[in-house]
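J.: Have a look at this one before I ask anything.
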Amino acid sequence: MFRAGSVVAAIALGSVVALSAPAQASVPADRSAGSCGTWTSSVVATGAGMLENLEFDGDGSMVLSQSALIGPGALLKVAPDGTRTTLVGDVTGPGGLVAREGSVYFTTGNSTVSGLFGIADGSLRKVDVADGSVTTIADGLVMPNGLVQLDDNRFLTARTLARPGLTVVNSDGSSSIVREDLGTVDGLARSGSTIYVSTTFDMVTAVHILDANDLGGPVRTITLPGFGPANMADDLTVGPDGALYVAFNAGGKVVRVDPDSGSSCEIASGLPFTSAVKFGAGPGWDPNALYTTGFLGDVHRLERVAG
């Protein structure tokens, strides 16, 4: 979601920065009792600091964005047995993560202060997983939060506060805002040519659905149950079943959403300040298990019970 400031203060911001979603086709969600089945939760790691996001590097490690209320954060590597090492140290406000061809791309400057005051201290960087070398792709970004890769070595990132919107970052380091009409955008996920965008502080929690080839074009919206700032939807991912899995930060739960019908159900609760979700990938990580991070420093593994 974002770095700095207390979670309570962040919830209060909802009444200040919430925006009205644009007039679009809307798919109301319902809670289909039992449609999610039964899921179990187990702990993978604890005490990892304020965790913003996670990704799998494909080579056997989970990569975590570790933020801090005061001072810099880091990117951490977690082995399947829970062992942690530092991949990149001294990272201010690490945000979204994308693994690609032996590198992990990550945003910096994902802070409340930068978002509220328009401070362009954010960047998009990549780290070579093998040798730890870091390359800066683009500077001058404001609060780059969620992150997905587009075609032609471009990336899409989200700014959540003050002037929330979506920004395209090009391979030459240039960037451009593509829209600011979707509310308090936060998490980003991609499946094929479809981009999914979650909102955090709007009065109604929404997942917007865009065409990756026409980001400024028509939008379909799924609305989710509950009061938006009390849900505080954070990052999201697409599962192997084609469903969306959305982290509710203030709600402390994970919600499964059918992107076609808009129906939703909870797969797990009692996970305070859940910030991101991702299915396992690479040696030692179950591709059918959903892994979660949270601001309290815990990583959980969620598994659906057969039957």
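For the structure tokens, the naming scheme is as follows: chains receive sequential letters (A, B, ...) according to their order of presentation, residues are indexed from 1 within each chain, and ligands are indexed from 1 in presentation order.
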Per DSSP on the backbone, filter stretch 54-238 of chain A down to the residues in helix (DSSP H, G or I) and report them as a PyMOL selection string.
T.: chain A and resi 112-117+228-231
J.: What's the 6 Å shell around stretch 104-118 of chain A, counting only C-alpha atoms, without same-chain residues fewer than 2 positions away, as a PyMOL selection string?
T.: chain A and resi 2-4+92-99+121-127+143-145+161-162
J.: Can you tell me which residues surround A:Ile177 at a distance of at most 10 Å, considering only C-alpha atoms, apart from same-chain residues fewer than 2 positions away, and format the answer as a list of chain:residue names?
T.: A:Leu156, A:Thr157, A:Ala158, A:Arg159, A:Gly165, A:Leu166, A:Thr167, A:Val168, A:Val169, A:Ser175, A:Arg179, A:Glu180, A:Gly216
J.: Take the residues from that selection and put them in a file with C-alpha atoms, as a PDB file, in the first residue's frame.
T.:
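Below is the file part.pdb, written as the result:
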ATOM      1  CA  LEU A 156       2.593   0.431 -15.293  1.00  0.00           C
ATOM      2  CA  THR A 157       2.570   1.798 -11.752  1.00  0.00           C
ATOM      3  CA  ALA A 158      -0.067   3.316  -9.482  1.00  0.00           C
ATOM      4  CA  ARG A 159      -0.050   6.410  -7.259  1.00  0.00           C
ATOM      5  CA  GLY A 165      -3.572   7.690 -11.063  1.00  0.00           C
ATOM      6  CA  LEU A 166      -1.738   5.290 -13.344  1.00  0.00           C
ATOM      7  CA  THR A 167       1.657   6.048 -14.873  1.00  0.00           C
ATOM      8  CA  VAL A 168       3.410   4.249 -17.724  1.00  0.00           C
ATOM      9  CA  VAL A 169       7.196   3.998 -17.396  1.00  0.00           C
ATOM     10  CA  SER A 175       7.078   8.316 -17.993  1.00  0.00           C
ATOM     11  CA  ARG A 179      -5.358   8.350 -16.340  1.00  0.00           C
ATOM     12  CA  GLU A 180      -6.477   9.848 -13.025  1.00  0.00           C
ATOM     13  CA  GLY A 216      -7.069   5.148 -21.471  1.00  0.00           C
TER      14      GLY A 216
END
J.: Can you tell me which residues surround A:His300 at a distance of at most 8 Å, considering only C-alpha atoms, apart from same-chain residues fewer than 4 positions away, and format the answer as a PDB file with all heavy atoms, in the first residue's frame?
T.:
ATOM      1  N   SER A  41      -4.284 -21.945   6.853  1.00  0.00           N
ATOM      2  CA  SER A  41      -3.216 -20.948   6.903  1.00  0.00           C
ATOM      3  C   SER A  41      -2.065 -21.459   7.760  1.00  0.00           C
ATOM      4  O   SER A  41      -2.288 -22.028   8.829  1.00  0.00           O
ATOM      5  CB  SER A  41      -3.751 -19.637   7.489  1.00  0.00           C
ATOM      6  OG  SER A  41      -2.713 -18.697   7.668  1.00  0.00           O
ATOM      7  N   SER A  42      -0.842 -21.262   7.286  1.00  0.00           N
ATOM      8  CA  SER A  42       0.337 -21.609   8.060  1.00  0.00           C
ATOM      9  C   SER A  42       1.356 -20.487   7.925  1.00  0.00           C
ATOM     10  O   SER A  42       1.337 -19.717   6.960  1.00  0.00           O
ATOM     11  CB  SER A  42       0.940 -22.940   7.594  1.00  0.00           C
ATOM     12  OG  SER A  42       1.287 -22.888   6.222  1.00  0.00           O
ATOM     13  N   VAL A  43       2.270 -20.385   8.886  1.00  0.00           N
ATOM     14  CA  VAL A  43       3.255 -19.311   8.915  1.00  0.00           C
ATOM     15  C   VAL A  43       4.527 -19.753   8.190  1.00  0.00           C
ATOM     16  O   VAL A  43       5.071 -20.821   8.461  1.00  0.00           O
ATOM     17  CB  VAL A  43       3.588 -18.906  10.356  1.00  0.00           C
ATOM     18  CG1 VAL A  43       4.685 -17.846  10.376  1.00  0.00           C
ATOM     19  CG2 VAL A  43       2.343 -18.386  11.064  1.00  0.00           C
ATOM     20  N   VAL A  44       4.990 -18.916   7.256  1.00  0.00           N
ATOM     21  CA  VAL A  44       6.253 -19.153   6.547  1.00  0.00           C
ATOM     22  C   VAL A  44       7.396 -18.413   7.214  1.00  0.00           C
ATOM     23  O   VAL A  44       8.498 -18.937   7.372  1.00  0.00           O
ATOM     24  CB  VAL A  44       6.134 -18.719   5.074  1.00  0.00           C
ATOM     25  CG1 VAL A  44       7.477 -18.839   4.351  1.00  0.00           C
ATOM     26  CG2 VAL A  44       5.070 -19.528   4.351  1.00  0.00           C
ATOM     27  N   ALA A  45       7.144 -17.175   7.627  1.00  0.00           N
ATOM     28  CA  ALA A  45       8.177 -16.360   8.268  1.00  0.00           C
ATOM     29  C   ALA A  45       7.509 -15.326   9.162  1.00  0.00           C
ATOM     30  O   ALA A  45       6.368 -14.917   8.923  1.00  0.00           O
ATOM     31  CB  ALA A  45       9.042 -15.668   7.221  1.00  0.00           C
ATOM     32  N   TYR A 291       0.488 -17.038  -1.060  1.00  0.00           N
ATOM     33  CA  TYR A 291       1.334 -16.508  -0.005  1.00  0.00           C
ATOM     34  C   TYR A 291       0.969 -15.044   0.241  1.00  0.00           C
ATOM     35  O   TYR A 291       0.696 -14.300  -0.700  1.00  0.00           O
ATOM     36  CB  TYR A 291       2.803 -16.641  -0.387  1.00  0.00           C
ATOM     37  CG  TYR A 291       3.241 -18.090  -0.539  1.00  0.00           C
ATOM     38  CD1 TYR A 291       3.014 -18.780  -1.731  1.00  0.00           C
ATOM     39  CD2 TYR A 291       3.843 -18.770   0.516  1.00  0.00           C
ATOM     40  CE1 TYR A 291       3.387 -20.121  -1.865  1.00  0.00           C
ATOM     41  CE2 TYR A 291       4.232 -20.103   0.384  1.00  0.00           C
ATOM     42  CZ  TYR A 291       3.989 -20.774  -0.807  1.00  0.00           C
ATOM     43  OH  TYR A 291       4.363 -22.090  -0.931  1.00  0.00           O
ATOM     44  N   THR A 292       0.970 -14.651   1.499  1.00  0.00           N
ATOM     45  CA  THR A 292       0.572 -13.291   1.868  1.00  0.00           C
ATOM     46  C   THR A 292       1.650 -12.603   2.682  1.00  0.00           C
ATOM     47  O   THR A 292       2.411 -13.244   3.409  1.00  0.00           O
ATOM     48  CB  THR A 292      -0.726 -13.287   2.707  1.00  0.00           C
ATOM     49  OG1 THR A 292      -0.439 -13.724   4.043  1.00  0.00           O
ATOM     50  CG2 THR A 292      -1.782 -14.203   2.095  1.00  0.00           C
ATOM     51  N   THR A 293       1.726 -11.279   2.561  1.00  0.00           N
ATOM     52  CA  THR A 293       2.569 -10.465   3.418  1.00  0.00           C
ATOM     53  C   THR A 293       1.701  -9.485   4.187  1.00  0.00           C
ATOM     54  O   THR A 293       0.558  -9.204   3.807  1.00  0.00           O
ATOM     55  CB  THR A 293       3.606  -9.657   2.614  1.00  0.00           C
ATOM     56  OG1 THR A 293       2.916  -8.904   1.593  1.00  0.00           O
ATOM     57  CG2 THR A 293       4.623 -10.570   1.969  1.00  0.00           C
TER      58      THR A 293
END
J.: Find the distance between atom CA of A:Glu52 and atom CA of A:Val129 and write it in Å to one decimal.
T.: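 Distance reported for this atom pair: 19.3 Å.
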J.: Could you name the residues that touch A:Asp151 at 10 Å or less, counting only C-alpha atoms, but leaving out those on the same chain fewer than 4 positions away, as number ranges by chain?
T.: A: 155, 170, 193, 212-213
J.: For atom CA of A:Asp258 and atom CA of A:Pro283, quote the distance in Å rounded to one decimal.
T.: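 Atom-to-atom, atom CA of A:Asp258 to atom CA of A:Pro283, that is 28.5 Å.
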J.: What parts of stretch 160-307 of chain A does DSSP call strand (DSSP E)? I'd like the answer as JSON, numbers by chain.
T.: {"A": [165, 166, 167, 168, 169, 175, 176, 177, 178, 179, 185, 186, 187, 188, 189, 190, 191, 194, 195, 196, 197, 198, 199, 204, 205, 206, 207, 208, 209, 210, 211, 220, 221, 222, 223, 224, 225, 226, 227, 233, 234, 235, 236, 237, 238, 244, 245, 246, 247, 248, 253, 254, 255, 256, 257, 264, 265, 266, 267, 268, 274, 275, 276, 277, 278, 279, 290, 291, 292, 293, 294, 299, 300, 301, 302, 303, 304]}
J.: Report as a list in words all protein, DNA and RNA residues lying within 9 Å of A:Thr38, evaluated on only C-alpha atoms, omitting residues in the same chain fewer than 6 positions from it.
T.: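 Once the nearby chain positions are removed, what remains is Ile267, Ala268, Glu303, Arg304, Val305, Ala306 and Gly307 of chain A.
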J.: Could you turn the residues from that selection into a file that holds N, CA and C atoms, as a JSON list (two decimals), in the first residue's frame?
T.:
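Dumped to again.json:
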[["chain", "number", "residue", "atom", "x", "y", "z"],
["A", 267, "ILE", "N", -11.49, -16.10, 1.59],
["A", 267, "ILE", "CA", -10.80, -17.37, 1.74],
["A", 267, "ILE", "C", -10.02, -17.43, 3.05],
["A", 268, "ALA", "N", -9.73, -16.28, 3.66],
["A", 268, "ALA", "CA", -8.99, -16.25, 4.92],
["A", 268, "ALA", "C", -9.25, -14.94, 5.62],
["A", 303, "GLU", "N", -3.67, -22.52, 1.76],
["A", 303, "GLU", "CA", -3.87, -23.68, 0.90],
["A", 303, "GLU", "C", -5.33, -24.10, 0.94],
["A", 304, "ARG", "N", -5.86, -24.40, -0.22],
["A", 304, "ARG", "CA", -7.25, -24.86, -0.27],
["A", 304, "ARG", "C", -7.31, -26.34, 0.05],
["A", 305, "VAL", "N", -8.26, -26.71, 0.92],
["A", 305, "VAL", "CA", -8.43, -28.09, 1.30],
["A", 305, "VAL", "C", -9.20, -28.81, 0.22],
["A", 306, "ALA", "N", -8.68, -29.95, -0.23],
["A", 306, "ALA", "CA", -9.34, -30.71, -1.30],
["A", 306, "ALA", "C", -10.71, -31.19, -0.83],
["A", 307, "GLY", "N", -11.62, -31.28, -1.81],
["A", 307, "GLY", "CA", -12.95, -31.79, -1.49],
["A", 307, "GLY", "C", -14.00, -30.72, -1.52]]
J.: Can you tell me, as a ChimeraX atom specification, what residues are no more than 12 Å from A:Gly82 when counting only C-alpha atoms, ignoring any on the same chain fewer than 4 positions away?
T.: /A:43-48,60-63,76-78,284-285,298-301
J.: Restrict the selected residues to all heavy atoms and save them as a compact mmCIF listing (two decimals), in the first residue's frame.
T.:
# COMPACT_ATOMS: atom_id res chain seq x y z
N VAL A 43 2.27 -20.38 8.89
CA VAL A 43 3.26 -19.31 8.91
C VAL A 43 4.53 -19.75 8.19
O VAL A 43 5.07 -20.82 8.46
CB VAL A 43 3.59 -18.91 10.36
CG1 VAL A 43 4.69 -17.85 10.38
CG2 VAL A 43 2.34 -18.39 11.06
N VAL A 44 4.99 -18.92 7.26
CA VAL A 44 6.25 -19.15 6.55
C VAL A 44 7.40 -18.41 7.21
O VAL A 44 8.50 -18.94 7.37
CB VAL A 44 6.13 -18.72 5.07
CG1 VAL A 44 7.48 -18.84 4.35
CG2 VAL A 44 5.07 -19.53 4.35
N ALA A 45 7.14 -17.18 7.63
CA ALA A 45 8.18 -16.36 8.27
C ALA A 45 7.51 -15.33 9.16
O ALA A 45 6.37 -14.92 8.92
CB ALA A 45 9.04 -15.67 7.22
N THR A 46 8.21 -14.91 10.20
CA THR A 46 7.73 -13.86 11.09
C THR A 46 8.86 -12.88 11.36
O THR A 46 10.04 -13.16 11.11
CB THR A 46 7.24 -14.44 12.43
OG1 THR A 46 8.33 -15.10 13.08
CG2 THR A 46 6.09 -15.41 12.23
N GLY A 47 8.49 -11.70 11.89
CA GLY A 47 9.50 -10.73 12.30
C GLY A 47 10.30 -10.14 11.16
O GLY A 47 11.45 -9.74 11.35
N ALA A 48 9.69 -10.04 9.98
CA ALA A 48 10.42 -9.54 8.80
C ALA A 48 10.25 -8.04 8.58
O ALA A 48 10.65 -7.52 7.54
CB ALA A 48 9.98 -10.30 7.56
N GLY A 60 13.96 -19.99 -6.74
CA GLY A 60 13.89 -20.60 -5.42
C GLY A 60 13.73 -19.65 -4.26
O GLY A 60 13.72 -20.08 -3.10
N SER A 61 13.60 -18.36 -4.52
CA SER A 61 13.46 -17.38 -3.44
C SER A 61 12.19 -16.57 -3.57
O SER A 61 11.75 -16.24 -4.68
CB SER A 61 14.65 -16.42 -3.41
OG SER A 61 15.85 -17.08 -3.06
N MET A 62 11.61 -16.25 -2.44
CA MET A 62 10.56 -15.23 -2.35
C MET A 62 11.26 -13.90 -2.05
O MET A 62 12.12 -13.84 -1.18
CB MET A 62 9.58 -15.57 -1.23
CG MET A 62 8.55 -14.48 -0.94
SD MET A 62 7.64 -14.81 0.62
CE MET A 62 6.65 -16.20 0.14
N VAL A 63 10.89 -12.87 -2.77
CA VAL A 63 11.46 -11.54 -2.56
C VAL A 63 10.41 -10.67 -1.88
O VAL A 63 9.25 -10.63 -2.31
CB VAL A 63 11.92 -10.90 -3.88
CG1 VAL A 63 12.50 -9.51 -3.64
CG2 VAL A 63 12.95 -11.80 -4.57
N LEU A 76 14.24 -8.21 0.68
CA LEU A 76 14.70 -9.42 1.34
C LEU A 76 14.44 -10.64 0.47
O LEU A 76 13.49 -10.67 -0.30
CB LEU A 76 13.98 -9.61 2.68
CG LEU A 76 14.03 -8.46 3.69
CD1 LEU A 76 13.23 -8.83 4.93
CD2 LEU A 76 15.46 -8.11 4.05
N LYS A 77 15.30 -11.64 0.61
CA LYS A 77 15.09 -12.94 -0.02
C LYS A 77 14.74 -13.95 1.08
O LYS A 77 15.39 -14.00 2.12
CB LYS A 77 16.34 -13.41 -0.76
CG LYS A 77 16.65 -12.64 -2.03
CD LYS A 77 17.98 -13.09 -2.63
CE LYS A 77 17.95 -14.53 -3.08
NZ LYS A 77 19.20 -14.91 -3.79
N VAL A 78 13.70 -14.75 0.82
CA VAL A 78 13.29 -15.78 1.76
C VAL A 78 13.36 -17.13 1.06
O VAL A 78 12.79 -17.32 -0.02
CB VAL A 78 11.86 -15.54 2.28
CG1 VAL A 78 11.45 -16.64 3.27
CG2 VAL A 78 11.75 -14.17 2.93
N GLY A 284 10.59 -25.12 -4.66
CA GLY A 284 10.29 -25.03 -3.24
C GLY A 284 9.03 -24.28 -2.88
O GLY A 284 8.65 -24.23 -1.71
N TRP A 285 8.36 -23.69 -3.87
CA TRP A 285 7.16 -22.89 -3.61
C TRP A 285 5.98 -23.49 -4.37
O TRP A 285 6.05 -23.66 -5.58
CB TRP A 285 7.38 -21.44 -4.00
CG TRP A 285 8.54 -20.82 -3.29
CD1 TRP A 285 9.81 -20.65 -3.78
CD2 TRP A 285 8.56 -20.31 -1.96
NE1 TRP A 285 10.61 -20.06 -2.84
CE2 TRP A 285 9.87 -19.83 -1.70
CE3 TRP A 285 7.59 -20.19 -0.96
CZ2 TRP A 285 10.23 -19.26 -0.49
CZ3 TRP A 285 7.96 -19.62 0.26
CH2 TRP A 285 9.26 -19.16 0.48
N ASP A 298 4.72 -10.68 8.99
CA ASP A 298 4.47 -12.10 8.82
C ASP A 298 4.23 -12.47 7.36
O ASP A 298 3.66 -11.68 6.60
CB ASP A 298 3.24 -12.55 9.62
CG ASP A 298 3.40 -12.32 11.11
OD1 ASP A 298 4.56 -12.35 11.58
OD2 ASP A 298 2.38 -12.13 11.80
N VAL A 299 4.67 -13.66 6.99
CA VAL A 299 4.36 -14.25 5.69
C VAL A 299 3.56 -15.52 5.95
O VAL A 299 4.00 -16.39 6.72
CB VAL A 299 5.63 -14.60 4.89
CG1 VAL A 299 5.27 -15.25 3.57
CG2 VAL A 299 6.48 -13.34 4.66
N HIS A 300 2.38 -15.62 5.35
CA HIS A 300 1.53 -16.79 5.52
C HIS A 300 1.36 -17.55 4.21
O HIS A 300 1.46 -16.96 3.12
CB HIS A 300 0.14 -16.40 6.04
CG HIS A 300 0.12 -16.00 7.48
ND1 HIS A 300 0.37 -14.72 7.90
CD2 HIS A 300 -0.13 -16.72 8.61
CE1 HIS A 300 0.28 -14.65 9.22
NE2 HIS A 300 -0.01 -15.86 9.67
N ARG A 301 1.10 -18.82 4.34
CA ARG A 301 0.80 -19.69 3.19
C ARG A 301 -0.64 -20.16 3.33
O ARG A 301 -1.02 -20.75 4.35
CB ARG A 301 1.76 -20.86 3.17
CG ARG A 301 1.40 -21.98 2.19
CD ARG A 301 2.49 -23.04 2.23
NE ARG A 301 2.06 -24.26 1.54
CZ ARG A 301 2.90 -25.10 0.97
NH1 ARG A 301 4.20 -24.84 0.97
NH2 ARG A 301 2.46 -26.18 0.38
J.: In Å to one decimal, how far is atom CA of A:Pro225 from atom CA of A:Glu266?
T.: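 Interatomic distance, atom CA of A:Glu266 to atom CA of A:Pro225: 10.6 Å.
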J.: With only C-alpha atoms as the atoms that count, which of A:Asn288, A:Ser263, A:Thr135, A:Ser275 lies nearest to A:Gly239?
T.: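 Closest to A:Gly239, using only C-alpha atoms: A:Asn288.
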J.: Closest to A:Gly49 among A:Ala74, A:Leu236, A:Leu150, A:Val254, using only C-alpha atoms?
T.: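 Among the listed residues, A:Ala74 lies closest to A:Gly49.
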